[in-house]
file entry_5.pdb (PDB, C-alpha atoms)
ATOM      1  CA  MET A 970      41.506 -35.104  48.182  1.00  0.00           C
ATOM      2  CA  VAL A 971      43.928 -33.977  45.499  1.00  0.00           C
ATOM      3  CA  HIS A 972      47.126 -31.951  45.416  1.00  0.00           C
ATOM      4  CA  VAL A 973      47.867 -29.386  42.760  1.00  0.00           C
ATOM      5  CA  PHE A 974      51.426 -28.427  41.891  1.00  0.00           C
ATOM      6  CA  VAL A 975      51.788 -25.005  40.270  1.00  0.00           C
ATOM      7  CA  ARG A 976      55.069 -23.622  38.945  1.00  0.00           C
ATOM      8  CA  HIS A 977      55.473 -20.172  37.482  1.00  0.00           C
ATOM      9  CA  LYS A 978      57.754 -17.154  37.418  1.00  0.00           C
ATOM     10  CA  VAL A 979      56.697 -13.767  38.694  1.00  0.00           C
ATOM     11  CA  SER A 980      58.011 -10.317  37.897  1.00  0.00           C
ATOM     12  CA  ASP A 981      57.832  -9.175  41.537  1.00  0.00           C
ATOM     13  CA  PHE A 982      57.237 -11.492  44.510  1.00  0.00           C
ATOM     14  CA  ASN A 983      55.622  -8.858  46.754  1.00  0.00           C
ATOM     15  CA  GLN A 984      53.150  -7.861  44.048  1.00  0.00           C
ATOM     16  CA  TRP A 985      52.313 -11.525  43.408  1.00  0.00           C
ATOM     17  CA  LYS A 986      51.925 -12.283  47.145  1.00  0.00           C
ATOM     18  CA  THR A 987      49.530  -9.357  47.620  1.00  0.00           C
ATOM     19  CA  VAL A 988      47.239 -10.689  44.876  1.00  0.00           C
ATOM     20  CA  PHE A 989      47.606 -14.277  46.139  1.00  0.00           C
ATOM     21  CA  ASP A 990      46.673 -13.259  49.686  1.00  0.00           C
ATOM     22  CA  SER A 991      43.691 -11.188  48.494  1.00  0.00           C
ATOM     23  CA  ALA A 992      42.265 -14.318  46.809  1.00  0.00           C
ATOM     24  CA  TYR A 993      42.257 -16.367  50.039  1.00  0.00           C
ATOM     25  CA  GLU A 994      38.462 -16.427  50.464  1.00  0.00           C
ATOM     26  CA  MET A 995      37.922 -17.168  46.773  1.00  0.00           C
ATOM     27  CA  ARG A 996      40.304 -20.141  46.920  1.00  0.00           C
ATOM     28  CA  LYS A 997      38.777 -21.406  50.169  1.00  0.00           C
ATOM     29  CA  ALA A 998      35.219 -21.191  48.786  1.00  0.00           C
ATOM     30  CA  ALA A 999      36.371 -23.085  45.686  1.00  0.00           C
ATOM     31  CA  GLY A1000      37.672 -26.003  47.784  1.00  0.00           C
ATOM     32  CA  GLU A1001      41.299 -25.239  48.584  1.00  0.00           C
ATOM     33  CA  LEU A1002      42.269 -26.761  51.943  1.00  0.00           C
ATOM     34  CA  SER A1003      45.883 -25.617  52.170  1.00  0.00           C
ATOM     35  CA  ALA A1004      48.673 -24.037  50.171  1.00  0.00           C
ATOM     36  CA  ARG A1005      52.426 -24.267  50.588  1.00  0.00           C
ATOM     37  CA  MET A1006      54.735 -21.900  48.764  1.00  0.00           C
ATOM     38  CA  PHE A1007      58.345 -22.506  47.745  1.00  0.00           C
ATOM     39  CA  CYS A1008      60.848 -20.515  45.721  1.00  0.00           C
ATOM     40  CA  SER A1009      63.887 -21.725  43.873  1.00  0.00           C
ATOM     41  CA  GLN A1010      67.227 -21.110  45.603  1.00  0.00           C
ATOM     42  CA  ALA A1011      68.783 -20.362  42.221  1.00  0.00           C
ATOM     43  CA  GLU A1012      65.938 -18.151  40.962  1.00  0.00           C
ATOM     44  CA  PRO A1013      63.806 -16.566  43.728  1.00  0.00           C
ATOM     45  CA  ARG A1014      61.204 -15.333  41.227  1.00  0.00           C
ATOM     46  CA  GLU A1015      60.407 -18.946  40.285  1.00  0.00           C
ATOM     47  CA  LEU A1016      57.577 -20.026  42.573  1.00  0.00           C
ATOM     48  CA  ASN A1017      56.290 -23.491  43.276  1.00  0.00           C
ATOM     49  CA  LEU A1018      52.967 -23.976  45.023  1.00  0.00           C
ATOM     50  CA  LEU A1019      51.653 -27.202  46.472  1.00  0.00           C
ATOM     51  CA  CYS A1020      47.950 -26.839  47.186  1.00  0.00           C
ATOM     52  CA  GLU A1021      45.571 -29.334  48.724  1.00  0.00           C
ATOM     53  CA  TRP A1022      41.981 -29.391  47.412  1.00  0.00           C
ATOM     54  CA  ASP A1023      38.850 -31.176  48.562  1.00  0.00           C
ATOM     55  CA  SER A1024      38.288 -32.765  45.130  1.00  0.00           C
ATOM     56  CA  LEU A1025      39.809 -33.021  41.676  1.00  0.00           C
ATOM     57  CA  GLU A1026      36.666 -31.522  40.132  1.00  0.00           C
ATOM     58  CA  HIS A1027      36.820 -28.416  42.331  1.00  0.00           C
ATOM     59  CA  ALA A1028      40.527 -27.929  41.678  1.00  0.00           C
ATOM     60  CA  GLN A1029      40.146 -28.284  37.926  1.00  0.00           C
ATOM     61  CA  ARG A1030      37.178 -25.900  37.890  1.00  0.00           C
ATOM     62  CA  PHE A1031      39.181 -23.301  39.821  1.00  0.00           C
ATOM     63  CA  PHE A1032      42.340 -23.540  37.695  1.00  0.00           C
ATOM     64  CA  GLU A1033      40.300 -23.328  34.477  1.00  0.00           C
ATOM     65  CA  GLU A1034      38.407 -20.243  35.700  1.00  0.00           C
ATOM     66  CA  PRO A1035      38.970 -17.208  33.409  1.00  0.00           C
ATOM     67  CA  ARG A1036      39.127 -14.925  36.487  1.00  0.00           C
ATOM     68  CA  LEU A1037      42.229 -16.828  37.614  1.00  0.00           C
ATOM     69  CA  LYS A1038      44.052 -16.045  34.382  1.00  0.00           C
ATOM     70  CA  SER A1039      43.212 -12.369  34.845  1.00  0.00           C
ATOM     71  CA  ALA A1040      44.375 -12.446  38.482  1.00  0.00           C
ATOM     72  CA  MET A1041      47.662 -14.097  37.454  1.00  0.00           C
ATOM     73  CA  GLN A1042      48.278 -11.328  34.930  1.00  0.00           C
ATOM     74  CA  GLN A1043      47.521  -8.706  37.593  1.00  0.00           C
ATOM     75  CA  ALA A1044      49.906 -10.510  39.967  1.00  0.00           C
ATOM     76  CA  GLY A1045      52.748 -10.355  37.451  1.00  0.00           C
ATOM     77  CA  VAL A1046      52.981 -14.024  36.486  1.00  0.00           C
ATOM     78  CA  VAL A1047      55.417 -14.335  33.594  1.00  0.00           C
ATOM     79  CA  GLY A1048      54.396 -16.818  30.898  1.00  0.00           C
ATOM     80  CA  ALA A1049      52.034 -19.742  31.291  1.00  0.00           C
ATOM     81  CA  PRO A1050      52.009 -21.575  34.600  1.00  0.00           C
ATOM     82  CA  GLN A1051      52.697 -25.298  34.803  1.00  0.00           C
ATOM     83  CA  ILE A1052      49.778 -26.959  36.629  1.00  0.00           C
ATOM     84  CA  GLU A1053      49.762 -30.616  37.602  1.00  0.00           C
ATOM     85  CA  TYR A1054      47.068 -32.534  39.484  1.00  0.00           C
ATOM     86  CA  MET A1055      48.452 -35.222  41.767  1.00  0.00           C
ATOM     87  CA  GLU A1056      47.146 -37.882  44.116  1.00  0.00           C
ATOM     88  CA  GLU A1057      49.118 -38.607  47.280  1.00  0.00           C
ATOM     89  CA  VAL A1058      50.113 -42.265  47.379  1.00  0.00           C
ATOM     90  CA  HIS A1059      52.485 -42.326  50.351  1.00  0.00           C
ATOM     91  CA  ILE A1060      53.672 -40.062  53.136  1.00  0.00           C
ATOM     92  CA  VAL A1061      56.352 -40.431  55.811  1.00  0.00           C
ATOM     93  CA  HIS A1062      56.457 -38.168  58.852  1.00  0.00           C
ATOM     94  CA  ARG A1063      59.659 -38.019  60.858  1.00  0.00           C
ATOM     95  CA  THR A1064      59.954 -37.033  64.478  1.00  0.00           C
ATOM     96  CA  TYR A1065      62.909 -36.164  66.687  1.00  0.00           C
ATOM     97  CA  ALA A1066      62.570 -39.635  68.182  1.00  0.00           C
ATOM     98  CA  ASP A1067      63.398 -41.330  64.844  1.00  0.00           C
TER      99      ASP A1067
END
call {"tool": "encode", "arguments": {"input": "entry_5.pdb", "output": "structure tokens"}}
result
Amino acid sequence: MVHVFVRHKVSDFNQWKTVFDSAYEMRKAAGELSARMFCSQAEPRELNLLCEWDSLEHAQRFFEEPRLKSAMQQAGVVGAPQIEYMEEVHIVHRTYAD
């Protein structure tokens, strides 16, 4: 399992989210297991995604896919996205009992 961190700016969040949501099945079929979305408090058009994938190979294949570049343009991504592949090495879960 691998995590992929994606950072990019968008011209319009709603336009971007519509395209992102429409690609759900494509991402799932490619090996995406989950996706979390964050925006900057200082700049709401700056999006950060943390996606979980079933393998590094599947994630790399997806993010190098020419159709993805086209979809990002359609979604209004501004400039080149920053994409980083990461392996989880430690996690801490807190509960109300802590």
call {"tool": "atom_distance", "arguments": {"input": "entry_5.pdb", "atom1": "atom CA of Met1055 of chain A", "atom2": "atom CA of Trp985 of chain A"}}
result
24.1 Å
call {"tool": "closest_residue", "arguments": {"input": "entry_5.pdb", "among": "A:Leu1019, A:Leu1025, A:His977, A:His972", "to": "Gly1048 of chain A", "atoms": "only C-alpha atoms"}}
result
A:His977
call {"tool": "residues_around", "arguments": {"input": "entry_5.pdb", "residues": "Ala1028 of chain A", "least_positions_apart": "2", "cutoff": "10 Å", "atoms": "all atoms listed in the file", "output": "list in words"}}
result
Met970, Val971, His972, Val973, Arg996, Ala999, Gly1000, Glu1001, Cys1020, Glu1021, Trp1022, Asp1023, Ser1024, Leu1025, Glu1026, Arg1030, Phe1031, Phe1032, Glu1033, Glu1034 and Tyr1054 of chain A
call {"tool": "residues_around", "arguments": {"input": "entry_5.pdb", "residues": "Thr987 of chain A", "least_positions_apart": "4", "cutoff": "8 Å", "atoms": "all atoms listed in the file", "output": "VMD selection string"}}
result
chain A and resid 983 991 1044
call {"tool": "residues_around", "arguments": {"input": "entry_5.pdb", "residues": "Cys1008 of chain A", "least_positions_apart": "5", "cutoff": "10 Å", "atoms": "all atoms listed in the file", "output": "PyMOL selection string"}}
result
chain A and resi 976-978+982+1013-1018
call {"tool": "axis_aligned_box", "arguments": {"input": "entry_5.pdb", "around": "segment 1040-1057 of chain A", "padding_each_side": "4 Å", "output": "AutoDock Vina command-line options"}}
result
--center_x 49.9 --center_y -23.7 --center_z 39.1 --size_x 19.0 --size_y 37.9 --size_z 24.4
call {"tool": "atom_distance", "arguments": {"input": "entry_5.pdb", "atom1": "atom CA of Lys997 of chain A", "atom2": "atom CA of Ser980 of chain A"}}
result
25.4 Å
call {"tool": "closest_residue", "arguments": {"input": "entry_5.pdb", "among": "A:Arg1005, A:His1027, A:Lys986, A:His1059", "to": "Met1041 of chain A", "atoms": "all atoms listed in the file"}}
result
A:Lys986
call {"tool": "atom_distance", "arguments": {"input": "entry_5.pdb", "atom1": "atom CA of Ala992 of chain A", "atom2": "atom CA of Gln1043 of chain A"}}
result
12.0 Å
call {"tool": "closest_residue", "arguments": {"input": "entry_5.pdb", "among": "A:Val975, A:Ser1009, A:Arg1036, A:Ile1052", "to": "Met995 of chain A", "atoms": "only C-alpha atoms"}}
result
A:Arg1036
call {"tool": "closest_residue", "arguments": {"input": "entry_5.pdb", "among": "A:Val1046, A:Ser1003, A:Ala998, A:His1062", "to": "Val979 of chain A", "atoms": "all atoms listed in the file"}}
result
A:Val1046
call {"tool": "closest_residue", "arguments": {"input": "entry_5.pdb", "among": "A:Met1006, A:Val1058, A:Val1047, A:Ala1040", "to": "Asp981 of chain A", "atoms": "all atoms listed in the file"}}
result
A:Val1047
call {"tool": "decode", "arguments": {"input": "entry_5.pdb", "residues": "chain A", "atoms": "C-alpha atoms", "output": "CSV table (one decimal), in the first residue's frame"}}
result
chain,number,residue,atom,x,y,z
A,970,MET,CA,0.0,0.0,0.0
A,971,VAL,CA,1.2,3.5,-0.9
A,972,HIS,CA,0.0,7.0,-0.2
A,973,VAL,CA,0.1,9.7,-2.8
A,974,PHE,CA,0.2,13.4,-1.9
A,975,VAL,CA,-1.0,15.8,-4.6
A,976,ARG,CA,-0.9,19.5,-4.3
A,977,HIS,CA,-2.2,21.9,-6.9
A,978,LYS,CA,-4.2,25.1,-7.3
A,979,VAL,CA,-7.5,25.2,-9.1
A,980,SER,CA,-9.3,28.1,-10.8
A,981,ASP,CA,-12.7,27.1,-9.3
A,982,PHE,CA,-13.3,24.5,-6.6
A,983,ASN,CA,-16.8,23.4,-7.7
A,984,GLN,CA,-15.7,22.9,-11.3
A,985,TRP,CA,-12.7,20.8,-10.0
A,986,LYS,CA,-14.8,18.8,-7.6
A,987,THR,CA,-17.3,17.9,-10.4
A,988,VAL,CA,-14.5,16.5,-12.5
A,989,PHE,CA,-12.9,14.8,-9.5
A,990,ASP,CA,-16.2,13.1,-8.6
A,991,SER,CA,-16.9,12.0,-12.1
A,992,ALA,CA,-13.6,10.1,-12.2
A,993,TYR,CA,-14.4,8.0,-9.1
A,994,GLU,CA,-14.9,4.7,-11.0
A,995,MET,CA,-11.7,5.3,-13.1
A,996,ARG,CA,-9.6,6.0,-9.9
A,997,LYS,CA,-11.1,2.9,-8.1
A,998,ALA,CA,-10.5,0.6,-11.1
A,999,ALA,CA,-6.9,1.9,-11.2
A,1000,GLY,CA,-6.3,0.9,-7.6
A,1001,GLU,CA,-7.2,3.9,-5.5
A,1002,LEU,CA,-8.5,2.8,-2.1
A,1003,SER,CA,-9.3,6.2,-0.5
A,1004,ALA,CA,-8.9,9.9,-1.0
A,1005,ARG,CA,-8.8,12.7,1.5
A,1006,MET,CA,-9.1,16.3,0.4
A,1007,PHE,CA,-7.8,19.4,2.2
A,1008,CYS,CA,-7.6,23.1,1.3
A,1009,SER,CA,-5.3,25.8,2.6
A,1010,GLN,CA,-6.9,28.1,5.2
A,1011,ALA,CA,-4.9,31.0,3.7
A,1012,GLU,CA,-5.7,30.1,0.0
A,1013,PRO,CA,-8.9,28.0,-0.4
A,1014,ARG,CA,-8.1,27.3,-4.1
A,1015,GLU,CA,-4.9,25.4,-3.1
A,1016,LEU,CA,-5.9,21.8,-2.7
A,1017,ASN,CA,-4.0,19.0,-1.1
A,1018,LEU,CA,-5.1,15.4,-1.6
A,1019,LEU,CA,-3.9,12.4,0.3
A,1020,CYS,CA,-4.8,9.2,-1.6
A,1021,GLU,CA,-4.3,5.6,-0.6
A,1022,TRP,CA,-3.4,3.1,-3.4
A,1023,ASP,CA,-3.1,-0.6,-3.5
A,1024,SER,CA,0.4,-0.5,-5.0
A,1025,LEU,CA,3.1,2.0,-6.0
A,1026,GLU,CA,3.0,0.6,-9.6
A,1027,HIS,CA,-0.7,1.2,-9.9
A,1028,ALA,CA,-0.4,4.7,-8.5
A,1029,GLN,CA,2.5,5.7,-10.7
A,1030,ARG,CA,0.7,4.3,-13.8
A,1031,PHE,CA,-2.4,6.3,-13.0
A,1032,PHE,CA,-0.6,9.6,-12.3
A,1033,GLU,CA,1.4,9.2,-15.5
A,1034,GLU,CA,-1.7,8.6,-17.6
A,1035,PRO,CA,-2.1,11.2,-20.4
A,1036,ARG,CA,-5.9,11.2,-19.8
A,1037,LEU,CA,-5.3,12.5,-16.2
A,1038,LYS,CA,-3.4,15.5,-17.6
A,1039,SER,CA,-6.4,16.2,-19.8
A,1040,ALA,CA,-8.9,15.8,-17.0
A,1041,MET,CA,-6.8,18.1,-14.8
A,1042,GLN,CA,-6.9,20.8,-17.5
A,1043,GLN,CA,-10.7,20.3,-17.8
A,1044,ALA,CA,-11.0,20.6,-14.0
A,1045,GLY,CA,-9.2,23.9,-14.0
A,1046,VAL,CA,-6.0,22.9,-12.4
A,1047,VAL,CA,-3.6,25.9,-12.5
A,1048,GLY,CA,0.0,25.0,-13.3
A,1049,ALA,CA,1.7,21.6,-12.7
A,1050,PRO,CA,0.6,19.6,-9.7
A,1051,GLN,CA,3.1,18.4,-7.1
A,1052,ILE,CA,2.9,14.6,-6.8
A,1053,GLU,CA,4.7,12.7,-4.1
A,1054,TYR,CA,4.6,8.9,-3.5
A,1055,MET,CA,5.0,8.1,0.2
A,1056,GLU,CA,5.1,5.0,2.4
A,1057,GLU,CA,3.4,5.1,5.8
A,1058,VAL,CA,6.0,4.3,8.5
A,1059,HIS,CA,4.0,5.1,11.6
A,1060,ILE,CA,0.5,6.0,12.7
A,1061,VAL,CA,-1.0,7.0,16.0
A,1062,HIS,CA,-4.8,6.9,16.6
A,1063,ARG,CA,-6.2,8.9,19.5
A,1064,THR,CA,-9.4,8.2,21.3
A,1065,TYR,CA,-11.5,10.1,23.8
A,1066,ALA,CA,-10.1,7.8,26.5
A,1067,ASP,CA,-6.5,9.0,25.9
